[in-house]
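Pasted below: run.cif, mmCIF, C-alpha atoms.
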data_my_file
loop_
_atom_site.label_atom_id
_atom_site.label_comp_id
_atom_site.auth_asym_id
_atom_site.auth_seq_id
_atom_site.Cartn_x
_atom_site.Cartn_y
_atom_site.Cartn_z
CA MET X 1 -0.77 -26.47 -17.51
CA LYS X 2 -3.59 -25.15 -19.67
CA ILE X 3 -2.98 -21.50 -20.47
CA PRO X 4 -5.43 -19.26 -18.55
CA LYS X 5 -7.49 -16.97 -20.77
CA ARG X 6 -5.97 -13.78 -19.29
CA LEU X 7 -2.43 -15.02 -20.02
CA GLN X 8 -3.11 -16.14 -23.59
CA PRO X 9 -2.41 -12.70 -25.17
CA LEU X 10 0.98 -12.54 -23.41
CA VAL X 11 1.85 -16.00 -24.72
CA GLU X 12 0.84 -14.97 -28.24
CA ASP X 13 2.97 -11.81 -27.97
CA GLY X 14 6.00 -13.78 -26.79
CA LEU X 15 6.08 -12.20 -23.33
CA ILE X 16 5.40 -15.59 -21.71
CA ASP X 17 7.00 -18.79 -23.03
CA GLU X 18 5.13 -21.24 -20.80
CA VAL X 19 2.70 -21.26 -17.87
CA LEU X 20 4.04 -23.68 -15.25
CA TYR X 21 1.54 -23.63 -12.38
CA GLN X 22 -0.73 -21.46 -10.22
CA LEU X 23 1.09 -20.18 -7.16
CA MET X 24 -1.76 -18.57 -5.23
CA SER X 25 -5.12 -16.83 -5.50
CA GLY X 26 -5.94 -13.89 -3.24
CA LYS X 27 -8.48 -11.13 -2.73
CA GLU X 28 -7.15 -9.00 -5.58
CA ALA X 29 -5.23 -11.29 -7.94
CA THR X 30 -4.19 -14.78 -8.98
CA VAL X 31 -0.46 -15.43 -9.34
CA PHE X 32 1.04 -17.94 -11.79
CA VAL X 33 4.62 -19.14 -12.12
CA VAL X 34 5.68 -18.75 -15.73
CA LYS X 35 8.71 -19.00 -17.97
CA SER X 36 9.40 -15.65 -19.61
CA GLN X 37 12.34 -14.97 -21.92
CA GLY X 38 13.97 -18.12 -20.61
CA GLU X 39 13.66 -17.15 -16.94
CA ILE X 40 11.27 -18.31 -14.22
CA ARG X 41 9.07 -15.38 -13.22
CA CYS X 42 5.58 -14.82 -11.89
CA ALA X 43 2.54 -13.36 -13.59
CA LYS X 44 0.08 -11.56 -11.33
CA VAL X 45 -3.36 -11.53 -12.94
CA TYR X 46 -5.48 -8.79 -11.37
CA LYS X 47 -9.12 -9.60 -10.73
CA GLU X 48 -11.78 -7.34 -12.15
CA ALA X 49 -13.25 -4.76 -9.78
CA MET X 50 -16.48 -6.74 -9.31
CA GLN X 51 -14.51 -9.86 -8.35
CA ARG X 52 -12.12 -8.19 -5.94
CA SER X 53 -12.89 -8.42 -2.25
CA PHE X 54 -10.51 -5.61 -1.32
CA LYS X 55 -12.47 -3.43 1.10
CA LYS X 56 -12.84 0.33 0.91
CA ALA X 57 -10.85 0.70 -2.33
CA ALA X 58 -11.91 4.36 -2.59
CA GLN X 59 -9.91 5.18 0.54
CA TYR X 60 -6.77 3.89 -1.12
CA GLN X 61 -7.34 5.73 -4.39
CA GLU X 62 -7.78 9.11 -2.69
CA GLY X 63 -4.98 11.46 -3.67
CA ARG X 64 -3.81 9.51 -6.71
CA LYS X 65 -3.14 11.90 -9.56
CA VAL X 66 -4.16 11.26 -13.16
CA LYS X 67 -2.14 13.40 -15.59
CA ASN X 68 -4.65 13.15 -18.43
CA SER X 69 -7.55 15.51 -17.66
CA ARG X 70 -10.00 13.59 -19.89
CA ARG X 71 -9.27 10.38 -18.01
CA ALA X 72 -9.61 12.16 -14.68
CA ARG X 73 -13.06 13.53 -15.64
CA ALA X 74 -14.19 10.13 -16.87
CA MET X 75 -13.06 8.48 -13.64
CA GLU X 76 -14.99 11.06 -11.62
CA LYS X 77 -18.16 10.50 -13.67
CA GLY X 78 -17.91 6.71 -13.38
CA SER X 79 -18.53 6.10 -17.10
CA LYS X 80 -17.57 2.82 -18.76
CA PHE X 81 -14.40 4.47 -20.06
CA GLY X 82 -13.82 5.95 -16.62
CA ARG X 83 -14.15 2.58 -14.89
CA LYS X 84 -11.64 1.13 -17.37
CA GLN X 85 -9.24 3.96 -16.55
CA GLN X 86 -9.82 3.36 -12.83
CA GLU X 87 -8.84 -0.29 -13.29
CA ASP X 88 -5.73 0.65 -15.27
CA ALA X 89 -4.73 3.14 -12.57
CA TRP X 90 -5.22 0.50 -9.84
CA GLN X 91 -3.02 -1.99 -11.69
CA ASN X 92 -0.35 0.48 -12.76
CA ALA X 93 -0.09 1.78 -9.19
CA GLU X 94 1.72 -1.41 -8.18
CA VAL X 95 4.17 -1.19 -11.09
CA ASP X 96 4.92 2.45 -10.27
CA ALA X 97 5.33 1.64 -6.57
CA LEU X 98 7.66 -1.29 -7.28
CA PHE X 99 9.94 0.84 -9.47
CA THR X 100 9.88 3.73 -6.98
CA LEU X 101 10.61 1.60 -3.92
CA SER X 102 13.26 -0.52 -5.59
CA LYS X 103 15.09 2.67 -6.51
CA ALA X 104 14.69 3.89 -2.91
CA GLY X 105 16.37 0.76 -1.50
CA VAL X 106 13.31 -1.23 -0.40
CA ARG X 107 13.52 -4.94 -1.18
CA VAL X 108 10.59 -5.65 -3.50
CA PRO X 109 10.17 -8.02 -6.47
CA GLN X 110 11.67 -6.61 -9.66
CA PRO X 111 8.86 -5.60 -12.06
CA PHE X 112 9.11 -6.23 -15.80
CA GLY X 113 5.90 -4.53 -16.90
CA CYS X 114 2.10 -4.61 -16.75
CA TYR X 115 0.22 -5.84 -19.82
CA ASP X 116 -3.60 -5.89 -20.02
CA GLY X 117 -4.04 -6.41 -16.30
CA VAL X 118 -1.14 -8.85 -15.91
CA LEU X 119 1.96 -7.84 -13.97
CA LEU X 120 5.14 -9.72 -14.90
CA MET X 121 7.70 -9.63 -12.12
CA GLU X 122 10.50 -11.45 -10.36
CA LEU X 123 9.69 -14.69 -8.57
CA VAL X 124 11.27 -14.39 -5.12
CA THR X 125 13.00 -17.65 -4.21
CA VAL X 126 15.37 -19.03 -1.62
CA ASP X 127 18.83 -20.19 -2.64
CA ASN X 128 17.71 -23.73 -3.51
CA GLY X 129 15.24 -22.34 -6.05
CA GLU X 130 12.05 -22.91 -4.09
CA VAL X 131 9.51 -20.10 -3.78
CA ALA X 132 10.26 -17.94 -0.73
CA PRO X 133 7.75 -18.48 2.11
CA ARG X 134 5.45 -15.80 3.46
CA LEU X 135 6.38 -14.36 6.82
CA ASN X 136 3.32 -15.90 8.48
CA ASP X 137 4.79 -19.36 7.74
CA VAL X 138 8.15 -18.54 9.33
CA SER X 139 9.27 -19.05 12.93
CA MET X 140 12.38 -17.37 14.27
CA SER X 141 14.51 -16.68 17.30
CA LYS X 142 14.14 -13.54 19.37
CA GLU X 143 17.36 -12.16 17.90
CA GLN X 144 16.18 -12.79 14.35
CA ALA X 145 12.81 -11.18 15.08
CA LEU X 146 14.49 -8.03 16.41
CA GLU X 147 16.78 -7.86 13.39
CA ASP X 148 14.04 -8.43 10.80
CA HIS X 149 11.60 -6.06 12.52
CA ALA X 150 14.23 -3.32 12.42
CA GLN X 151 14.76 -4.05 8.72
CA VAL X 152 11.03 -3.86 7.96
CA MET X 153 10.71 -0.59 9.90
CA PHE X 154 13.60 0.75 7.82
CA TYR X 155 11.75 -0.25 4.64
CA VAL X 156 8.53 1.39 5.89
CA MET X 157 10.54 4.54 6.57
CA LEU X 158 12.07 4.47 3.07
CA MET X 159 8.55 4.10 1.65
CA LEU X 160 7.40 7.14 3.60
CA CYS X 161 10.46 9.10 2.46
CA SER X 162 9.35 8.24 -1.10
CA GLY X 163 5.88 9.56 -0.31
CA LEU X 164 4.17 6.18 -0.05
CA VAL X 165 2.41 4.10 2.60
CA HIS X 166 1.91 0.40 1.81
CA GLY X 167 -1.63 0.39 3.21
CA ASP X 168 -2.02 -3.38 3.57
CA LEU X 169 1.25 -4.49 5.13
CA SER X 170 1.10 -7.62 7.25
CA GLU X 171 2.85 -10.97 7.70
CA PHE X 172 0.89 -12.14 4.63
CA ASN X 173 2.43 -9.48 2.37
CA VAL X 174 6.07 -10.09 3.27
CA LEU X 175 8.21 -12.87 1.81
CA VAL X 176 11.37 -14.14 3.51
CA ASP X 177 14.28 -15.35 1.39
CA ASP X 178 17.82 -16.17 2.49
CA TYR X 179 18.66 -12.47 2.75
CA GLY X 180 15.70 -11.26 4.79
CA PRO X 181 12.22 -9.71 4.28
CA VAL X 182 10.85 -8.76 0.84
CA ILE X 183 7.79 -6.48 0.66
CA ILE X 184 5.07 -7.53 -1.81
CA ASP X 185 1.50 -6.62 -2.89
CA LEU X 186 1.42 -2.87 -3.49
CA PRO X 187 -1.56 -1.97 -5.73
CA GLN X 188 -3.20 -0.17 -2.79
CA ALA X 189 -0.13 1.90 -1.86
CA VAL X 190 -1.29 5.42 -0.97
CA ASN X 191 0.12 8.89 -1.41
CA ALA X 192 1.29 9.85 2.08
CA ALA X 193 0.84 13.59 1.56
CA ALA X 194 -2.45 13.55 -0.36
CA ASN X 195 -4.47 10.78 1.33
CA ASN X 196 -6.33 11.69 4.53
CA ASN X 197 -6.12 8.08 5.70
CA ALA X 198 -2.34 7.76 5.23
CA PHE X 199 -1.40 8.10 8.90
CA SER X 200 -3.96 5.60 10.13
CA MET X 201 -2.85 3.17 7.43
CA LEU X 202 0.77 3.66 8.43
CA GLN X 203 -0.17 2.94 12.04
CA ARG X 204 -1.96 -0.24 10.99
CA ASP X 205 0.95 -1.39 8.81
CA VAL X 206 3.42 -0.89 11.64
CA ARG X 207 1.10 -2.43 14.21
CA ASN X 208 0.60 -5.55 12.08
CA MET X 209 4.32 -6.08 11.65
CA THR X 210 5.17 -5.27 15.26
CA GLU X 211 2.54 -7.64 16.63
CA TYR X 212 3.83 -10.48 14.47
CA TYR X 213 7.48 -10.00 15.35
CA GLY X 214 6.38 -9.30 18.91
CA GLU X 215 5.32 -12.93 19.22
CA PHE X 216 9.02 -13.78 19.19
CA ALA X 217 10.36 -10.60 20.82
CA PRO X 218 7.67 -9.18 23.18
CA GLU X 219 9.64 -6.01 23.94
CA LEU X 220 8.77 -4.78 20.43
CA LEU X 221 5.15 -4.36 21.54
CA ASN X 222 6.14 -1.25 23.53
CA THR X 223 7.51 0.61 20.50
CA HIS X 224 5.85 3.43 18.53
CA TYR X 225 7.59 3.58 15.15
CA ALA X 226 4.57 4.82 13.19
CA GLU X 227 4.07 7.88 15.38
CA GLU X 228 7.81 8.61 15.40
CA MET X 229 8.05 8.38 11.61
CA TRP X 230 4.93 10.41 10.96
CA ALA X 231 5.93 13.25 13.27
CA LEU X 232 9.27 13.54 11.48
CA PHE X 233 7.56 13.25 8.08
CA GLU X 234 5.11 16.06 8.87
CA ALA X 235 7.96 18.23 10.10
CA GLY X 236 9.92 17.60 6.89
CA GLU X 237 12.71 15.97 8.90
CA LEU X 238 12.39 12.32 7.82
CA THR X 239 15.24 11.18 5.58
CA PRO X 240 16.65 7.78 4.55
CA GLU X 241 19.47 8.44 7.02
CA THR X 242 17.12 8.94 10.00
CA GLU X 243 17.93 6.57 12.85
CA LEU X 244 14.64 5.39 14.31
CA THR X 245 14.30 4.58 18.00
CA GLY X 246 10.71 3.38 18.25
CA GLN X 247 10.16 5.87 21.05
CA PHE X 248 7.59 8.64 20.93
CA GLU X 249 6.33 11.10 23.50
CA PHE X 250 2.57 11.43 23.23
CA ASP X 251 0.80 14.71 24.02
CA GLN X 252 -0.76 14.12 27.43
CA SER X 253 -2.49 17.50 27.68
CA ALA X 254 -6.27 17.22 27.94
CA ALA X 255 -8.35 18.79 25.23
CA ASP X 256 -10.17 21.99 26.22
CA VAL X 257 -13.66 20.64 25.43
CA ASP X 258 -15.49 23.75 26.65
CA ASN X 259 -13.40 25.99 24.41
CA VAL X 260 -14.01 23.72 21.41
CA LEU X 261 -17.77 23.78 22.03
CA GLU X 262 -17.75 27.56 22.29
CA GLU X 263 -15.94 27.80 18.95
CA ILE X 264 -18.51 25.49 17.36
CA LYS X 265 -21.37 27.60 18.76
CA ALA X 266 -19.73 30.77 17.46
CA ALA X 267 -19.34 29.23 14.01
CA PHE X 268 -23.00 28.23 13.97
CA ALA X 269 -23.99 31.77 15.04
CA GLU X 270 -21.90 33.29 12.24
CA GLU X 271 -23.50 30.96 9.71
CA GLU X 272 -26.99 31.86 10.95
CA GLU X 273 -26.17 35.55 10.61
CA ARG X 274 -24.86 34.98 7.06
CA LEU X 275 -28.02 33.12 6.06
CA ALA X 276 -30.18 35.81 7.62
CA ARG X 277 -28.39 38.48 5.57
CA ILE X 278 -28.98 36.43 2.40
CA ARG X 279 -32.66 36.02 3.20
CA ALA X 280 -32.99 39.72 3.92
CA ALA X 281 -31.29 40.63 0.69
CA ASN X 282 -33.55 38.30 -1.29
CA SER X 283 -36.69 39.70 0.34
CA ASP X 284 -35.63 43.27 -0.50
CA GLU X 285 -35.37 42.27 -4.16
#
As a first step, turn the structure in this file into structure tokens.
Amino acid sequence: MKIPKRLQPLVEDGLIDEVLYQLMSGKEATVFVVKSQGEIRCAKVYKEAMQRSFKKAAQYQEGRKVKNSRRARAMEKGSKFGRKQQEDAWQNAEVDALFTLSKAGVRVPQPFGCYDGVLLMELVTVDNGEVAPRLNDVSMSKEQALEDHAQVMFYVMLMLCSGLVHGDLSEFNVLVDDYGPVIIDLPQAVNAAANNNAFSMLQRDVRNMTEYYGEFAPELLNTHYAEEMWALFEAGELTPETELTGQFEFDQSAADVDNVLEEIKAAFAEEEERLARIRAANSDE
């Protein structure tokens, strides 16, 4: 096929030998199947920020650390340089996550590097060489659903042990090859300890996967893996060897609303007194 403009520099640099065909186009990137160093791989071309339809990107970037202080300041100011650094950070986040999770034992595509907004990585295939289907295109028996759901929950746990939450996990971001589920699409992965939305994202990830597998094994719909994992994570007790049960005992005690309101009133009163002291001090001057 005609070489897309964004892939041309990689062809000129010898990183891509040939562009074979477009595999898919999504909300954040377009993926091409390419030949690279004699092997069939895929090239994920990230869309520019203005073209992406990924919602609430700021929520996902919260807590991401930038080692270079100049870059961090530029990103905060929103300058042209800062926006470029923001884009680089968004794209490199997936590469970093792929390397981290692969090392942790999560099945993800093998990354080969990110070059000018293009991520070269393994093309996940089934044994006959065809591209592995997405989970949403796969039907299965109850037994298979229970087995694969347990495997995905194990991967989610390994992610959390590595300090990451996928943030956009669903049946559309999981491939299925002959050996089971493979987690994909990680540019929005969040820092579990530094992002205030991490727990709610974890709940959504787990809910999405449980509801899909629950179509084939309804008993899964009564499990609470996200809450179980998060409680152990917050207590510093979650490890790769943790055996999850999917059971969680929720706090049934009612909130003491009156006491909370009294504390709020007291805080307001203290603030009023503080402001009054400031005004008095200013008037004396």
Requested in this report: Determine the nearest neighbour of Val19 in chain X from the options X:Asn208, X:Gln110, X:Ser36, X:Gln252, counting all atoms listed in the file.
Outcome: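 Looking only at the distances to Val19 in chain X, the closest residue turns out to be X:Ser36.
Going from CA of Glu249 in chain X to CA of Ala235 in chain X covers 15.3 Å.
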Query raised in the report: Written as a PyMOL selection string, which residues does the PyMOL selection byres ((chain X and resi 164) around 8) give for the file shown?
Result: chain X and resi 159-163+165-166+189-192
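What separates CA of Gly236 in chain X from CA of Tyr155 in chain X is a distance of 18.1 Å.
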Requested in this report: Go through the shown structure with the PyMOL selection byres ((chain X and resi 230) around 12) and write out the matching residues as a ChimeraX atom specification.
Outcome: /X:156-157,159-161,163-165,192-193,198-203,206,224-229,231-239,244,246,248
Report task. Go ahead and compute the interatomic distance for CA of Val174 in chain X and CA of Phe250 in chain X, in Å to one decimal. Result ->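 The value is 29.6 Å.
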Requested in this report: Could you tell me which residues the PyMOL selection byres ((chain X and resi 37-44) around 8) returns for this structure, as a PyMOL selection string?
Outcome: chain X and resi 15-17+29-36+45-46+118-123
Query raised in the report: Restricting the calculation to all atoms listed in the file, which member of X:Asp116, X:Glu48, X:Asp178, X:Glu219 is positioned closest to Leu10 in chain X?
Result: X:Asp116
Requested in this report: Find the residues near Ser139 in chain X: any atom within 10 Å, counting only C-alpha atoms, skip ones fewer than 5 places away on the same chain, and give them as JSON, numbers by chain.
Outcome: {"X": [144, 145, 213, 215, 216]}
Query raised in the report: Quick one: of X:Met140, X:Leu146, X:Val124, X:Met153, who's nearest to Val106 in chain X, counting only C-alpha atoms?
Result: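 Using only C-alpha atoms, the shortest distance to Val106 in chain X belongs to X:Met153.
Shortest atom-to-atom contact with Val182 in chain X among X:Leu220, X:Val152, X:Ala97, X:Ala280: X:Val152, counting all atoms listed in the file.
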Output as a PDB file, in the frame of the given file: range 206-230 of chain X, completed with N, CA, C and O atoms.
ATOM      1  N   VAL X 206       2.388  -0.700  10.619  1.00  0.00           N
ATOM      2  CA  VAL X 206       3.420  -0.890  11.640  1.00  0.00           C
ATOM      3  C   VAL X 206       2.915  -1.789  12.757  1.00  0.00           C
ATOM      4  O   VAL X 206       3.639  -2.666  13.249  1.00  0.00           O
ATOM      5  N   ARG X 207       1.671  -1.599  13.153  1.00  0.00           N
ATOM      6  CA  ARG X 207       1.100  -2.430  14.210  1.00  0.00           C
ATOM      7  C   ARG X 207       1.057  -3.910  13.797  1.00  0.00           C
ATOM      8  O   ARG X 207       1.410  -4.802  14.591  1.00  0.00           O
ATOM      9  N   ASN X 208       0.642  -4.171  12.554  1.00  0.00           N
ATOM     10  CA  ASN X 208       0.600  -5.550  12.080  1.00  0.00           C
ATOM     11  C   ASN X 208       1.962  -6.218  12.145  1.00  0.00           C
ATOM     12  O   ASN X 208       2.099  -7.353  12.614  1.00  0.00           O
ATOM     13  N   MET X 209       2.976  -5.497  11.679  1.00  0.00           N
ATOM     14  CA  MET X 209       4.320  -6.080  11.650  1.00  0.00           C
ATOM     15  C   MET X 209       4.883  -6.232  13.060  1.00  0.00           C
ATOM     16  O   MET X 209       5.526  -7.243  13.394  1.00  0.00           O
ATOM     17  N   THR X 210       4.636  -5.231  13.897  1.00  0.00           N
ATOM     18  CA  THR X 210       5.170  -5.270  15.260  1.00  0.00           C
ATOM     19  C   THR X 210       4.520  -6.382  16.074  1.00  0.00           C
ATOM     20  O   THR X 210       5.197  -7.075  16.847  1.00  0.00           O
ATOM     21  N   GLU X 211       3.223  -6.576  15.887  1.00  0.00           N
ATOM     22  CA  GLU X 211       2.540  -7.640  16.630  1.00  0.00           C
ATOM     23  C   GLU X 211       3.036  -9.014  16.202  1.00  0.00           C
ATOM     24  O   GLU X 211       3.169  -9.922  17.029  1.00  0.00           O
ATOM     25  N   TYR X 212       3.332  -9.171  14.915  1.00  0.00           N
ATOM     26  CA  TYR X 212       3.830 -10.480  14.470  1.00  0.00           C
ATOM     27  C   TYR X 212       5.223 -10.756  15.026  1.00  0.00           C
ATOM     28  O   TYR X 212       5.477 -11.802  15.637  1.00  0.00           O
ATOM     29  N   TYR X 213       6.129  -9.809  14.826  1.00  0.00           N
ATOM     30  CA  TYR X 213       7.480 -10.000  15.350  1.00  0.00           C
ATOM     31  C   TYR X 213       7.479 -10.021  16.868  1.00  0.00           C
ATOM     32  O   TYR X 213       8.336 -10.640  17.493  1.00  0.00           O
ATOM     33  N   GLY X 214       6.491  -9.334  17.455  1.00  0.00           N
ATOM     34  CA  GLY X 214       6.380  -9.300  18.910  1.00  0.00           C
ATOM     35  C   GLY X 214       6.063 -10.647  19.523  1.00  0.00           C
ATOM     36  O   GLY X 214       6.257 -10.858  20.722  1.00  0.00           O
ATOM     37  N   GLU X 215       5.548 -11.583  18.717  1.00  0.00           N
ATOM     38  CA  GLU X 215       5.320 -12.930  19.220  1.00  0.00           C
ATOM     39  C   GLU X 215       6.634 -13.609  19.598  1.00  0.00           C
ATOM     40  O   GLU X 215       6.671 -14.488  20.464  1.00  0.00           O
ATOM     41  N   PHE X 216       7.704 -13.194  18.937  1.00  0.00           N
ATOM     42  CA  PHE X 216       9.020 -13.780  19.190  1.00  0.00           C
ATOM     43  C   PHE X 216       9.896 -12.871  20.047  1.00  0.00           C
ATOM     44  O   PHE X 216      10.817 -13.344  20.715  1.00  0.00           O
ATOM     45  N   ALA X 217       9.607 -11.576  20.020  1.00  0.00           N
ATOM     46  CA  ALA X 217      10.360 -10.600  20.820  1.00  0.00           C
ATOM     47  C   ALA X 217       9.366  -9.628  21.431  1.00  0.00           C
ATOM     48  O   ALA X 217       9.103  -8.549  20.880  1.00  0.00           O
ATOM     49  N   PRO X 218       8.759  -9.969  22.572  1.00  0.00           N
ATOM     50  CA  PRO X 218       7.670  -9.180  23.180  1.00  0.00           C
ATOM     51  C   PRO X 218       8.007  -7.726  23.456  1.00  0.00           C
ATOM     52  O   PRO X 218       7.100  -6.878  23.494  1.00  0.00           O
ATOM     53  N   GLU X 219       9.286  -7.402  23.648  1.00  0.00           N
ATOM     54  CA  GLU X 219       9.640  -6.010  23.940  1.00  0.00           C
ATOM     55  C   GLU X 219       9.291  -5.071  22.784  1.00  0.00           C
ATOM     56  O   GLU X 219       9.152  -3.851  22.974  1.00  0.00           O
ATOM     57  N   LEU X 220       9.132  -5.606  21.584  1.00  0.00           N
ATOM     58  CA  LEU X 220       8.770  -4.780  20.430  1.00  0.00           C
ATOM     59  C   LEU X 220       7.375  -4.178  20.584  1.00  0.00           C
ATOM     60  O   LEU X 220       7.064  -3.155  19.983  1.00  0.00           O
ATOM     61  N   LEU X 221       6.532  -4.809  21.395  1.00  0.00           N
ATOM     62  CA  LEU X 221       5.150  -4.360  21.540  1.00  0.00           C
ATOM     63  C   LEU X 221       5.048  -3.006  22.234  1.00  0.00           C
ATOM     64  O   LEU X 221       3.982  -2.382  22.232  1.00  0.00           O
ATOM     65  N   ASN X 222       6.136  -2.554  22.829  1.00  0.00           N
ATOM     66  CA  ASN X 222       6.140  -1.250  23.530  1.00  0.00           C
ATOM     67  C   ASN X 222       6.739  -0.144  22.668  1.00  0.00           C
ATOM     68  O   ASN X 222       7.044   0.933  23.181  1.00  0.00           O
ATOM     69  N   THR X 223       6.914  -0.404  21.370  1.00  0.00           N
ATOM     70  CA  THR X 223       7.510   0.610  20.500  1.00  0.00           C
ATOM     71  C   THR X 223       6.423   1.376  19.740  1.00  0.00           C
ATOM     72  O   THR X 223       5.291   0.911  19.607  1.00  0.00           O
ATOM     73  N   HIS X 224       6.809   2.553  19.224  1.00  0.00           N
ATOM     74  CA  HIS X 224       5.850   3.430  18.530  1.00  0.00           C
ATOM     75  C   HIS X 224       6.509   4.017  17.279  1.00  0.00           C
ATOM     76  O   HIS X 224       6.643   5.225  17.140  1.00  0.00           O
ATOM     77  N   TYR X 225       6.878   3.137  16.353  1.00  0.00           N
ATOM     78  CA  TYR X 225       7.590   3.580  15.150  1.00  0.00           C
ATOM     79  C   TYR X 225       6.708   4.423  14.226  1.00  0.00           C
ATOM     80  O   TYR X 225       7.191   5.372  13.609  1.00  0.00           O
ATOM     81  N   ALA X 226       5.438   4.082  14.109  1.00  0.00           N
ATOM     82  CA  ALA X 226       4.570   4.820  13.190  1.00  0.00           C
ATOM     83  C   ALA X 226       4.460   6.282  13.609  1.00  0.00           C
ATOM     84  O   ALA X 226       4.581   7.198  12.773  1.00  0.00           O
ATOM     85  N   GLU X 227       4.204   6.508  14.883  1.00  0.00           N
ATOM     86  CA  GLU X 227       4.070   7.880  15.380  1.00  0.00           C
ATOM     87  C   GLU X 227       5.382   8.648  15.249  1.00  0.00           C
ATOM     88  O   GLU X 227       5.374   9.843  14.887  1.00  0.00           O
ATOM     89  N   GLU X 228       6.503   7.960  15.516  1.00  0.00           N
ATOM     90  CA  GLU X 228       7.810   8.610  15.400  1.00  0.00           C
ATOM     91  C   GLU X 228       8.066   9.017  13.947  1.00  0.00           C
ATOM     92  O   GLU X 228       8.456  10.160  13.667  1.00  0.00           O
ATOM     93  N   MET X 229       7.816   8.094  13.024  1.00  0.00           N
ATOM     94  CA  MET X 229       8.050   8.380  11.610  1.00  0.00           C
ATOM     95  C   MET X 229       7.154   9.511  11.105  1.00  0.00           C
ATOM     96  O   MET X 229       7.602  10.417  10.401  1.00  0.00           O
ATOM     97  N   TRP X 230       5.872   9.437  11.479  1.00  0.00           N
ATOM     98  CA  TRP X 230       4.930  10.410  10.960  1.00  0.00           C
ATOM     99  C   TRP X 230       5.223  11.823  11.460  1.00  0.00           C
ATOM    100  O   TRP X 230       5.103  12.801  10.708  1.00  0.00           O
TER     101      TRP X 230
END
